[in-house]
Amino acid sequence: MSFINLILTMKKISIFFFALLLISCHSNVQQEDIAKLNGYWEIKQVKFSTGKTKDYKVNETIDYFELKDNHGFRQKVMPQFDGKFQTNGIKENIKLVENDNTFFIEYNAKFGKWKEEIISIEDSTLVLKNKDNLEYTYKKFKPFSFK
């Protein structure tokens, strides 16, 4: 193999891996996945931009999302032992926005406006990322059980 052919081959391999990297970094969230956002979500872990993580074993509050036709709200609630939820009544208005095949939740509350990217959403796991590159991993909340 000549030196020029070797360089061309290496260039093709580099382009292939770069394209693969771009594809793998792209969000895999689809419009039909968005309905999974509805319900109760408990924070499991926060990943900081430094790569360090903070795990949450027990949470006093959880997030309740209600979304219909790409509009709705998020509310902090406190699960009770009887299966009910207590809340302070404050709701953050949310709107789902799609930009270049990436989905964002835009929040609008009395204390400010912000948005988070939906990195992934499955039946039992939700990952959101904010503008400061904090990545929040949630798990579907399971009610208390003493059985």
# chains A, B, ... in the order shown; residues from 1 in each chain; ligands from 1
call {"tool": "residues_around", "arguments": {"residues": "A:Lys91", "least_positions_apart": "5", "cutoff": "7 Å", "atoms": "only C-alpha atoms", "output": "PyMOL selection string"}}
result
chain A and resi 73-75
call {"tool": "write_last_selection", "arguments": {"atoms": "all heavy atoms", "output": "CSV table (one decimal), in the first residue's frame"}}
result
chain,number,residue,atom,x,y,z
A,73,PHE,N,-47.8,21.5,33.1
A,73,PHE,CA,-47.2,22.1,34.2
A,73,PHE,C,-46.3,21.0,34.9
A,73,PHE,O,-46.5,19.8,34.7
A,73,PHE,CB,-48.2,22.7,35.2
A,73,PHE,CG,-49.1,21.6,35.8
A,73,PHE,CD1,-48.8,21.0,37.0
A,73,PHE,CD2,-50.3,21.3,35.2
A,73,PHE,CE1,-49.6,20.0,37.6
A,73,PHE,CE2,-51.2,20.3,35.8
A,73,PHE,CZ,-50.8,19.7,37.0
A,74,ARG,N,-45.4,21.5,35.7
A,74,ARG,CA,-44.6,20.7,36.7
A,74,ARG,C,-44.9,21.2,38.0
A,74,ARG,O,-44.9,22.4,38.3
A,74,ARG,CB,-43.1,20.7,36.4
A,74,ARG,CG,-42.3,19.9,37.4
A,74,ARG,CD,-40.9,19.9,37.0
A,74,ARG,NE,-40.2,21.1,37.5
A,74,ARG,CZ,-38.9,21.2,37.5
A,74,ARG,NH1,-38.1,20.3,37.1
A,74,ARG,NH2,-38.4,22.4,37.9
A,75,GLN,N,-45.0,20.3,39.0
A,75,GLN,CA,-45.3,20.7,40.4
A,75,GLN,C,-44.6,19.8,41.3
A,75,GLN,O,-44.5,18.6,41.1
A,75,GLN,CB,-46.8,20.6,40.6
A,75,GLN,CG,-47.3,21.0,42.0
A,75,GLN,CD,-48.8,21.0,42.1
A,75,GLN,OE1,-49.5,20.2,41.5
A,75,GLN,NE2,-49.3,22.0,42.8
call {"tool": "residues_around", "arguments": {"residues": "stretch 105-119 of chain A", "least_positions_apart": "4", "cutoff": "9 Å", "atoms": "only C-alpha atoms", "output": "ChimeraX atom specification"}}
result
/A:26-29,73-74,90-98,126-131,135
call {"tool": "residues_around", "arguments": {"residues": "A:Gln86", "least_positions_apart": "2", "cutoff": "12 Å", "atoms": "only C-alpha atoms", "output": "ChimeraX atom specification"}}
result
/A:60-64,75-84,88-90
call {"tool": "select_by_dssp", "arguments": {"residues": "stretch 16-136 of chain A", "states": "strand (DSSP E)", "output": "ChimeraX atom specification"}}
result
/A:39-47,53-55,62-68,71-79,85-99,102-109,112-121,125-129,135-136
call {"tool": "atom_distance", "arguments": {"atom1": "atom CA of A:Ile43", "atom2": "atom CA of A:Tyr56"}}
result
6.7 Å
